[in-house]
>>> print(open('target28.txt').read())   # compact mmCIF, C-alpha atoms
# COMPACT_ATOMS: atom_id res chain seq x y z
CA MET S 1 95.43 47.46 -50.41
CA ASN S 2 97.74 47.18 -47.40
CA GLN S 3 94.99 48.56 -45.20
CA ILE S 4 92.69 45.62 -45.95
CA SER S 5 93.30 42.91 -43.39
CA ASP S 6 91.07 40.22 -44.93
CA LEU S 7 92.68 39.70 -48.33
CA ARG S 8 90.71 37.11 -50.27
CA SER S 9 93.03 37.64 -53.22
CA ALA S 10 95.96 36.38 -51.12
CA GLU S 11 93.97 33.26 -50.26
CA ALA S 12 93.11 32.56 -53.94
CA PRO S 13 95.86 34.18 -56.05
CA GLU S 14 94.92 32.37 -59.29
CA HIS S 15 91.32 33.57 -58.98
CA ALA S 16 92.53 37.12 -58.32
CA GLN S 17 94.89 37.02 -61.29
CA HIS S 18 92.08 35.78 -63.53
CA ILE S 19 89.87 38.70 -62.45
CA ALA S 20 92.74 41.16 -62.92
CA ALA S 21 93.32 39.90 -66.46
CA TRP S 22 89.58 40.25 -67.17
CA LEU S 23 89.66 43.83 -65.85
CA ARG S 24 92.64 44.70 -68.07
CA LYS S 25 90.74 43.46 -71.11
CA LEU S 26 87.74 45.58 -70.10
CA ALA S 27 90.01 48.60 -69.74
CA ALA S 28 91.16 48.07 -73.33
CA LEU S 29 87.57 48.04 -74.60
CA VAL S 30 86.17 51.22 -73.00
CA SER S 31 87.20 54.84 -72.76
CA ARG S 32 88.87 55.88 -69.52
CA ARG S 33 90.29 58.89 -67.76
CA SER S 34 93.96 59.16 -66.87
CA GLU S 35 93.31 58.29 -63.23
CA ASP S 36 91.35 55.14 -64.12
CA CYS S 37 92.75 51.60 -64.15
CA GLY S 38 95.85 52.29 -62.10
CA ARG S 39 97.54 49.37 -60.36
CA ASP S 40 96.01 50.11 -56.94
CA GLN S 41 92.51 50.59 -58.34
CA MET S 42 92.63 47.38 -60.38
CA ALA S 43 93.89 45.44 -57.37
CA LEU S 44 91.11 46.86 -55.21
CA TYR S 45 88.46 46.06 -57.82
CA ALA S 46 89.74 42.49 -57.99
CA GLU S 47 89.75 42.22 -54.20
CA MET S 48 86.11 43.31 -54.03
CA LEU S 49 84.90 41.21 -56.96
CA ILE S 50 86.51 38.03 -55.70
CA ARG S 51 84.18 38.23 -52.68
CA ASP S 52 81.03 38.16 -54.80
CA TYR S 53 81.60 36.13 -57.95
CA PRO S 54 83.35 32.85 -58.81
CA ARG S 55 85.96 32.54 -61.52
CA ALA S 56 83.30 31.23 -63.92
CA ALA S 57 81.62 34.67 -63.91
CA PHE S 58 84.60 36.30 -65.64
CA THR S 59 84.30 35.07 -69.21
CA THR S 60 84.49 36.52 -72.69
CA ALA S 61 80.67 36.60 -72.73
CA SER S 62 80.47 38.65 -69.52
CA LEU S 63 83.28 40.88 -70.79
CA GLN S 64 81.32 41.62 -73.96
CA PHE S 65 78.14 42.28 -71.99
CA VAL S 66 79.82 44.76 -69.64
CA ALA S 67 81.83 46.46 -72.39
CA GLU S 68 78.71 46.97 -74.53
CA SER S 69 76.93 48.51 -71.53
CA CYS S 70 79.71 50.97 -70.64
CA GLU S 71 81.21 53.63 -72.87
CA TRP S 72 83.57 54.67 -70.05
CA TRP S 73 85.39 52.73 -67.34
CA PRO S 74 82.63 51.98 -64.82
CA PRO S 75 82.57 52.79 -61.11
CA TYR S 76 82.76 49.68 -58.94
CA ALA S 77 79.02 49.70 -58.11
CA VAL S 78 78.07 49.79 -61.80
CA LEU S 79 80.52 47.04 -62.72
CA ARG S 80 79.30 44.82 -59.88
CA LYS S 81 75.66 45.34 -60.93
CA LEU S 82 76.33 44.46 -64.58
CA LEU S 83 78.30 41.37 -63.65
CA GLY S 84 75.46 40.37 -61.34
CA GLU S 85 72.94 40.67 -64.17
CA HIS S 86 75.04 38.50 -66.45
CA TRP S 87 75.88 35.91 -63.80
CA SER S 88 72.23 35.58 -62.71
CA ALA S 89 71.13 35.09 -66.31
CA PHE S 90 73.89 32.51 -66.88
CA GLN S 91 72.80 30.53 -63.83
CA ARG S 92 69.14 30.71 -64.86
CA ASN S 93 69.91 29.52 -68.39
CA ARG S 94 72.10 26.70 -67.09
CA ARG S 95 69.30 25.57 -64.74
CA ASP S 96 66.38 25.90 -67.12
CA GLY S 97 68.10 24.97 -70.38
CA LYS S 98 69.39 27.52 -72.84
CA LEU S 99 66.69 29.14 -74.93
CA ALA S 100 67.09 28.35 -78.62
CA GLN S 101 68.65 31.35 -80.30
CA ILE S 102 67.43 32.93 -83.51
CA SER S 103 70.04 32.51 -86.21
CA GLY S 104 70.14 35.89 -87.87
CA ARG S 105 72.23 36.59 -90.92
CA GLY S 106 73.16 40.08 -89.79
CA ALA S 107 72.48 43.38 -91.43
CA ALA S 108 74.29 44.54 -94.55
CA LYS S 109 76.21 47.04 -92.40
CA PRO S 110 76.78 47.32 -88.64
CA LEU S 111 73.83 48.62 -86.68
CA GLU S 112 74.05 52.03 -85.08
CA GLY S 113 71.87 54.55 -83.27
CA ASP S 114 68.36 53.42 -82.37
CA ASP S 115 68.74 50.24 -84.44
CA LEU S 116 71.69 49.18 -82.29
CA GLN S 117 69.74 49.97 -79.12
CA TRP S 118 66.82 47.79 -80.24
CA ARG S 119 69.25 44.96 -80.99
CA ARG S 120 70.75 45.28 -77.51
CA TYR S 121 67.27 45.38 -76.00
CA PHE S 122 66.53 42.04 -77.62
CA ASP S 123 69.88 40.54 -76.58
CA ARG S 124 69.29 41.50 -72.95
CA GLY S 125 65.87 39.92 -73.10
CA GLU S 126 67.34 36.71 -74.47
CA MET S 127 69.97 36.64 -71.78
CA ALA S 128 67.32 37.03 -69.06
CA ARG S 129 64.96 34.58 -70.83
CA TRP S 130 62.45 37.46 -70.81
CA ALA S 131 61.93 37.09 -67.07
CA GLN S 132 60.97 40.16 -65.07
CA ALA S 133 63.18 41.34 -62.25
CA ASP S 134 61.15 39.62 -59.52
CA GLU S 135 60.69 36.30 -61.38
CA THR S 136 62.92 33.32 -60.63
CA THR S 137 61.19 30.93 -63.05
CA ILE S 138 59.07 31.40 -66.13
CA GLU S 139 57.06 28.95 -68.24
CA ALA S 140 58.38 28.23 -71.72
CA ALA S 141 55.10 29.37 -73.29
CA GLU S 142 55.29 32.72 -71.50
CA THR S 143 58.92 33.15 -72.54
CA ALA S 144 57.97 32.54 -76.17
CA PHE S 145 55.03 34.96 -75.91
CA ARG S 146 57.18 37.78 -74.51
CA ARG S 147 59.89 37.12 -77.03
CA ASP S 148 57.43 37.22 -79.95
CA ARG S 149 55.89 40.42 -78.59
CA ALA S 150 59.35 42.02 -78.40
CA LEU S 151 60.15 40.94 -81.95
CA SER S 152 56.88 42.41 -83.19
CA LEU S 153 57.70 45.74 -81.56
CA ILE S 154 61.25 45.66 -82.93
CA ARG S 155 59.97 44.89 -86.43
CA GLN S 156 57.69 47.92 -86.25
CA GLN S 157 60.29 50.32 -84.88
CA SER S 158 63.55 48.99 -86.33
CA PRO S 159 63.31 46.76 -89.41
CA ALA S 160 67.12 46.78 -89.60
CA ALA S 161 67.46 45.35 -86.08
CA TYR S 162 64.71 42.82 -86.83
CA GLU S 163 66.59 41.62 -89.92
CA ASP S 164 69.85 41.49 -87.96
CA ILE S 165 68.20 39.30 -85.31
CA THR S 166 66.10 36.98 -87.44
CA GLY S 167 67.69 37.00 -90.89
CA GLN S 168 64.25 37.81 -92.27
CA PRO S 169 63.36 41.02 -94.09
CA GLY S 170 61.76 43.60 -91.84
CA ARG S 171 59.14 44.41 -94.46
CA GLU S 172 56.49 45.61 -92.04
CA PRO S 173 56.57 49.42 -92.20
CA ALA S 174 57.26 51.27 -89.00
CA SER S 175 54.04 52.13 -87.20
CA ASN S 176 54.14 54.87 -84.62
CA ALA S 177 50.50 54.58 -83.57
CA LEU S 178 51.57 52.92 -80.30
CA TRP S 179 53.22 56.09 -79.05
CA GLY S 180 50.14 58.18 -79.79
CA ASP S 181 47.64 55.80 -78.17
CA PRO S 182 47.59 56.55 -74.40
CA GLU S 183 46.21 53.15 -73.39
CA CYS S 184 48.65 51.15 -75.54
CA LEU S 185 51.51 53.32 -74.35
CA ARG S 186 50.59 52.86 -70.68
CA ARG S 187 50.30 49.09 -71.14
CA SER S 188 53.72 48.84 -72.78
CA LEU S 189 55.36 51.10 -70.18
CA ARG S 190 53.74 49.15 -67.34
CA ASP S 191 55.09 45.88 -68.71
CA ALA S 192 58.54 47.37 -69.26
CA SER S 193 58.69 48.83 -65.73
CA HIS S 194 58.95 45.27 -64.35
CA SER S 195 61.54 44.12 -66.85
CA PRO S 196 65.32 43.81 -66.37
CA MET S 197 65.59 45.80 -69.61
CA GLN S 198 63.52 48.70 -68.26
CA ALA S 199 66.31 51.29 -68.58
CA ASP S 200 66.89 50.45 -72.26
CA PHE S 201 63.17 50.53 -73.06
CA ALA S 202 62.68 53.78 -71.12
CA ARG S 203 65.31 55.59 -73.18
CA MET S 204 63.90 54.32 -76.48
CA ALA S 205 60.29 55.01 -75.49
CA ARG S 206 61.08 58.57 -74.43
CA SER S 207 62.92 59.23 -77.69
CA ALA S 208 60.03 57.83 -79.78
CA VAL S 209 57.33 59.70 -77.85
CA GLU S 210 59.28 62.97 -78.09
CA LYS S 211 59.43 62.48 -81.86
CA TYR S 212 55.98 61.08 -82.67
CA ALA S 213 53.62 61.97 -79.82
CA PRO S 214 55.09 64.66 -77.54
CA GLN S 215 51.69 65.19 -75.97
CA ASN S 216 52.12 61.81 -74.28
CA LEU S 217 55.43 62.59 -72.57
CA PRO S 218 53.65 63.00 -69.19
CA ILE S 219 52.63 59.32 -69.49
CA VAL S 220 56.27 58.31 -69.90
CA ASP S 221 57.12 60.41 -66.84
CA GLU S 222 54.52 58.51 -64.80
CA PHE S 223 56.46 55.27 -65.20
CA PHE S 224 59.98 56.54 -65.86
CA PRO S 225 60.68 59.99 -64.36
CA ARG S 226 63.29 62.01 -66.21
CA HIS S 227 65.80 61.63 -63.39
CA GLY S 228 64.79 58.04 -62.69
CA VAL S 229 65.62 54.77 -64.39
CA ASP S 230 65.94 56.17 -67.92
CA GLY S 231 68.53 58.69 -66.86
CA GLY S 232 66.71 61.40 -68.76
>>> encode(input="target28.txt", output="C-alpha cells")
Amino acid sequence: MNQISDLRSAEAPEHAQHIAAWLRKLAALVSRRSEDCGRDQMALYAEMLIRDYPRAAFTTASLQFVAESCEWWPPYAVLRKLLGEHWSAFQRNRRDGKLAQISGRGAAKPLEGDDLQWRRYFDRGEMARWAQADETTIEAAETAFRRDRALSLIRQQSPAAYEDITGQPGREPASNALWGDPECLRRSLRDASHSPMQADFARMARSAVEKYAPQNLPIVDEFFPRHGVDGG
C-alpha cells in the first residue's frame, strides 16, 4: 500500500472503512485459503474498489449477490465484475421503477443442486429486469414476456424452484423435449447468449443436454464452447 502514491482511501477514510467492513463480511461467507484476506490484501482491494463504486454499492443486497456467486474468496477482477453487475442493475431498477416481485412461499426444504441453480437464474433475471447485456432500456411488455418465458422453462425443468419462486404448485411435469429438438435448442441458446445470465444458463443447458439428448451437445458447443462462458 505504501507504494501507491494516489491513495483515494486516505482522501475518503469513512468510505474506505465501509468497504473494508463489507469485505470482512464477505470473507466470513465464503471459503478462503490461508493467504487470502490478509490485512494488506484487504486494504488493496478497498483501495481499488473505492475508485470504481460509491458507498451505496456496498450493501447487504450486494453482499448476498456476490457471496452466492462465489464459493471461494474471489480474485479482484471477479469481485469487481460481480459488483458491477449488481450496481448496474440497482441503478437501472432505481431509474425505471422496481419490477414487482413474485411473492413465493418458499419450498418445503431449502433448494439444492439444479433446483437452486434455476432459482438463482431467475433471481439474476429479476435483478437485471430481463435486459440483455447490450440493452440499456426495455419495454415493460417485453420484460413481462421474458419473465413469463423464463418461468415456463423453470416450471418444466424444476417444479421445486418454480414453487419456491411463485408459491404455486409446479404441477406441470418436466418435459425434456426442448433439449432433443435442434431448432428449439438453438433458439433458446441464441437468446441466452445475449443475456447477462448466459453463464448460468450455459451450465444448466449443457447438463440437461448431456443427460437427455447427448447427440445435441455439438449445438451447445456452437454457442457456448466448453472452455468458454460456461466454464465447461
>>> closest_residue(input="target28.txt", among="S:Leu116, S:Ala128, S:Leu7, S:Cys70", to="Gln91 (chain S)", atoms="only C-alpha atoms")
S:Ala128
>>> axis_aligned_box(input="target28.txt", around="region 136-140 of chain S", padding_each_side="6 Å", output="JSON")
{"center_x": 60.0, "center_y": 30.8, "center_z": -66.2, "size_x": 17.9, "size_y": 17.1, "size_z": 23.1}
>>> closest_residue(input="target28.txt", among="S:Glu142, S:Asp114, S:Asp200, S:Asp191", to="Ala161 (chain S)", atoms="only C-alpha atoms")
S:Asp114
>>> residues_near_point(input="target28.txt", point="(57.7, 57.5, -69.2)", cutoff="9 Å", atoms="all atoms listed in the file", output="ChimeraX atom specification")
/S:186,189,202-203,205-206,209,216-226,230
>>> residues_around(input="target28.txt", residues="Gly38 (chain S)", least_positions_apart="6", cutoff="12 Å", atoms="only C-alpha atoms", output="VMD selection string")
chain S and resid 20 23 to 24 27 32 44 to 45 73
>>> closest_residue(input="target28.txt", among="S:Gln157, S:Gln64, S:Ser69, S:Ser9", to="Met48 (chain S)", atoms="only C-alpha atoms")
S:Ser9
>>> residues_around(input="target28.txt", residues="Arg187 (chain S)", least_positions_apart="5", cutoff="12 Å", atoms="all atoms listed in the file", output="list in words")
Leu178, Trp179, Asp181, Pro182, Ala192, Ser193, His194, Ile219, Val220 and Phe223 of chain S
>>> closest_residue(input="target28.txt", among="S:Met204, S:Leu63, S:Cys37, S:Ala177", to="Arg120 (chain S)", atoms="only C-alpha atoms")
S:Met204
>>> decode(input="target28.txt", residues="region 204-230 of chain S", atoms="N, CA, C and O atoms", output="PDB file, in the first residue's frame")
ATOM      1  N   MET S 204     -26.480 -25.034 -17.065  1.00  0.00           N
ATOM      2  CA  MET S 204     -27.680 -25.855 -16.911  1.00  0.00           C
ATOM      3  C   MET S 204     -28.048 -26.542 -18.221  1.00  0.00           C
ATOM      4  O   MET S 204     -28.453 -27.704 -18.235  1.00  0.00           O
ATOM      5  N   ALA S 205     -27.917 -25.816 -19.333  1.00  0.00           N
ATOM      6  CA  ALA S 205     -28.253 -26.395 -20.632  1.00  0.00           C
ATOM      7  C   ALA S 205     -27.323 -27.556 -20.966  1.00  0.00           C
ATOM      8  O   ALA S 205     -27.773 -28.615 -21.422  1.00  0.00           O
ATOM      9  N   ARG S 206     -26.034 -27.370 -20.709  1.00  0.00           N
ATOM     10  CA  ARG S 206     -25.093 -28.457 -21.006  1.00  0.00           C
ATOM     11  C   ARG S 206     -25.409 -29.691 -20.166  1.00  0.00           C
ATOM     12  O   ARG S 206     -25.401 -30.825 -20.680  1.00  0.00           O
ATOM     13  N   SER S 207     -25.715 -29.485 -18.892  1.00  0.00           N
ATOM     14  CA  SER S 207     -26.038 -30.616 -18.019  1.00  0.00           C
ATOM     15  C   SER S 207     -27.279 -31.344 -18.513  1.00  0.00           C
ATOM     16  O   SER S 207     -27.312 -32.584 -18.560  1.00  0.00           O
ATOM     17  N   ALA S 208     -28.320 -30.585 -18.916  1.00  0.00           N
ATOM     18  CA  ALA S 208     -29.569 -31.202 -19.372  1.00  0.00           C
ATOM     19  C   ALA S 208     -29.376 -31.933 -20.689  1.00  0.00           C
ATOM     20  O   ALA S 208     -29.901 -33.037 -20.886  1.00  0.00           O
ATOM     21  N   VAL S 209     -28.629 -31.333 -21.620  1.00  0.00           N
ATOM     22  CA  VAL S 209     -28.413 -31.974 -22.921  1.00  0.00           C
ATOM     23  C   VAL S 209     -27.568 -33.233 -22.752  1.00  0.00           C
ATOM     24  O   VAL S 209     -27.825 -34.258 -23.394  1.00  0.00           O
ATOM     25  N   GLU S 210     -26.554 -33.190 -21.891  1.00  0.00           N
ATOM     26  CA  GLU S 210     -25.751 -34.381 -21.638  1.00  0.00           C
ATOM     27  C   GLU S 210     -26.622 -35.524 -21.121  1.00  0.00           C
ATOM     28  O   GLU S 210     -26.394 -36.691 -21.451  1.00  0.00           O
ATOM     29  N   LYS S 211     -27.638 -35.183 -20.330  1.00  0.00           N
ATOM     30  CA  LYS S 211     -28.483 -36.207 -19.718  1.00  0.00           C
ATOM     31  C   LYS S 211     -29.577 -36.697 -20.650  1.00  0.00           C
ATOM     32  O   LYS S 211     -29.847 -37.908 -20.716  1.00  0.00           O
ATOM     33  N   TYR S 212     -30.229 -35.758 -21.385  1.00  0.00           N
ATOM     34  CA  TYR S 212     -31.424 -36.125 -22.135  1.00  0.00           C
ATOM     35  C   TYR S 212     -31.233 -36.204 -23.649  1.00  0.00           C
ATOM     36  O   TYR S 212     -32.022 -36.879 -24.318  1.00  0.00           O
ATOM     37  N   ALA S 213     -30.253 -35.517 -24.192  1.00  0.00           N
ATOM     38  CA  ALA S 213     -30.072 -35.518 -25.645  1.00  0.00           C
ATOM     39  C   ALA S 213     -28.605 -35.317 -25.991  1.00  0.00           C
ATOM     40  O   ALA S 213     -28.224 -34.304 -26.593  1.00  0.00           O
ATOM     41  N   PRO S 214     -27.738 -36.244 -25.607  1.00  0.00           N
ATOM     42  CA  PRO S 214     -26.293 -36.064 -25.827  1.00  0.00           C
ATOM     43  C   PRO S 214     -25.916 -35.855 -27.292  1.00  0.00           C
ATOM     44  O   PRO S 214     -24.873 -35.270 -27.584  1.00  0.00           O
ATOM     45  N   GLN S 215     -26.775 -36.301 -28.190  1.00  0.00           N
ATOM     46  CA  GLN S 215     -26.483 -36.100 -29.610  1.00  0.00           C
ATOM     47  C   GLN S 215     -26.482 -34.625 -29.991  1.00  0.00           C
ATOM     48  O   GLN S 215     -25.950 -34.246 -31.051  1.00  0.00           O
ATOM     49  N   ASN S 216     -27.076 -33.786 -29.143  1.00  0.00           N
ATOM     50  CA  ASN S 216     -27.153 -32.356 -29.444  1.00  0.00           C
ATOM     51  C   ASN S 216     -26.079 -31.526 -28.739  1.00  0.00           C
ATOM     52  O   ASN S 216     -26.112 -30.293 -28.801  1.00  0.00           O
ATOM     53  N   LEU S 217     -25.118 -32.182 -28.110  1.00  0.00           N
ATOM     54  CA  LEU S 217     -24.043 -31.440 -27.455  1.00  0.00           C
ATOM     55  C   LEU S 217     -23.263 -30.539 -28.409  1.00  0.00           C
ATOM     56  O   LEU S 217     -22.857 -29.441 -28.030  1.00  0.00           O
ATOM     57  N   PRO S 218     -23.051 -30.961 -29.689  1.00  0.00           N
ATOM     58  CA  PRO S 218     -22.360 -30.048 -30.616  1.00  0.00           C
ATOM     59  C   PRO S 218     -23.099 -28.718 -30.798  1.00  0.00           C
ATOM     60  O   PRO S 218     -22.468 -27.689 -31.062  1.00  0.00           O
ATOM     61  N   ILE S 219     -24.431 -28.733 -30.647  1.00  0.00           N
ATOM     62  CA  ILE S 219     -25.198 -27.482 -30.775  1.00  0.00           C
ATOM     63  C   ILE S 219     -24.881 -26.562 -29.598  1.00  0.00           C
ATOM     64  O   ILE S 219     -24.716 -25.349 -29.770  1.00  0.00           O
ATOM     65  N   VAL S 220     -24.784 -27.143 -28.400  1.00  0.00           N
ATOM     66  CA  VAL S 220     -24.416 -26.338 -27.235  1.00  0.00           C
ATOM     67  C   VAL S 220     -23.032 -25.734 -27.442  1.00  0.00           C
ATOM     68  O   VAL S 220     -22.789 -24.566 -27.130  1.00  0.00           O
ATOM     69  N   ASP S 221     -22.107 -26.541 -27.997  1.00  0.00           N
ATOM     70  CA  ASP S 221     -20.744 -26.062 -28.219  1.00  0.00           C
ATOM     71  C   ASP S 221     -20.696 -24.911 -29.216  1.00  0.00           C
ATOM     72  O   ASP S 221     -19.782 -24.081 -29.170  1.00  0.00           O
ATOM     73  N   GLU S 222     -21.663 -24.853 -30.148  1.00  0.00           N
ATOM     74  CA  GLU S 222     -21.692 -23.759 -31.116  1.00  0.00           C
ATOM     75  C   GLU S 222     -21.839 -22.413 -30.407  1.00  0.00           C
ATOM     76  O   GLU S 222     -21.218 -21.422 -30.790  1.00  0.00           O
ATOM     77  N   PHE S 223     -22.690 -22.390 -29.393  1.00  0.00           N
ATOM     78  CA  PHE S 223     -22.988 -21.133 -28.702  1.00  0.00           C
ATOM     79  C   PHE S 223     -22.130 -20.939 -27.450  1.00  0.00           C
ATOM     80  O   PHE S 223     -21.761 -19.814 -27.115  1.00  0.00           O
ATOM     81  N   PHE S 224     -21.842 -22.044 -26.766  1.00  0.00           N
ATOM     82  CA  PHE S 224     -21.071 -21.963 -25.527  1.00  0.00           C
ATOM     83  C   PHE S 224     -19.980 -23.029 -25.559  1.00  0.00           C
ATOM     84  O   PHE S 224     -20.181 -24.146 -25.071  1.00  0.00           O
ATOM     85  N   PRO S 225     -18.809 -22.722 -26.118  1.00  0.00           N
ATOM     86  CA  PRO S 225     -17.715 -23.688 -26.155  1.00  0.00           C
ATOM     87  C   PRO S 225     -17.354 -24.173 -24.753  1.00  0.00           C
ATOM     88  O   PRO S 225     -17.535 -23.440 -23.767  1.00  0.00           O
ATOM     89  N   ARG S 226     -16.856 -25.363 -24.669  1.00  0.00           N
ATOM     90  CA  ARG S 226     -16.573 -25.970 -23.360  1.00  0.00           C
ATOM     91  C   ARG S 226     -15.625 -25.124 -22.517  1.00  0.00           C
ATOM     92  O   ARG S 226     -15.741 -25.094 -21.306  1.00  0.00           O
ATOM     93  N   HIS S 227     -14.724 -24.429 -23.143  1.00  0.00           N
ATOM     94  CA  HIS S 227     -13.780 -23.597 -22.380  1.00  0.00           C
ATOM     95  C   HIS S 227     -14.145 -22.130 -22.532  1.00  0.00           C
ATOM     96  O   HIS S 227     -13.317 -21.246 -22.384  1.00  0.00           O
ATOM     97  N   GLY S 228     -15.422 -21.873 -22.848  1.00  0.00           N
ATOM     98  CA  GLY S 228     -15.886 -20.504 -22.995  1.00  0.00           C
ATOM     99  C   GLY S 228     -16.667 -20.058 -21.791  1.00  0.00           C
ATOM    100  O   GLY S 228     -16.305 -20.336 -20.655  1.00  0.00           O
ATOM    101  N   VAL S 229     -17.837 -19.463 -22.049  1.00  0.00           N
ATOM    102  CA  VAL S 229     -18.572 -18.797 -20.962  1.00  0.00           C
ATOM    103  C   VAL S 229     -19.102 -19.755 -19.917  1.00  0.00           C
ATOM    104  O   VAL S 229     -19.274 -19.400 -18.763  1.00  0.00           O
ATOM    105  N   ASP S 230     -19.373 -21.019 -20.302  1.00  0.00           N
ATOM    106  CA  ASP S 230     -19.949 -21.939 -19.314  1.00  0.00           C
ATOM    107  C   ASP S 230     -18.904 -22.599 -18.449  1.00  0.00           C
ATOM    108  O   ASP S 230     -19.220 -23.317 -17.533  1.00  0.00           O
TER     109      ASP S 230
END
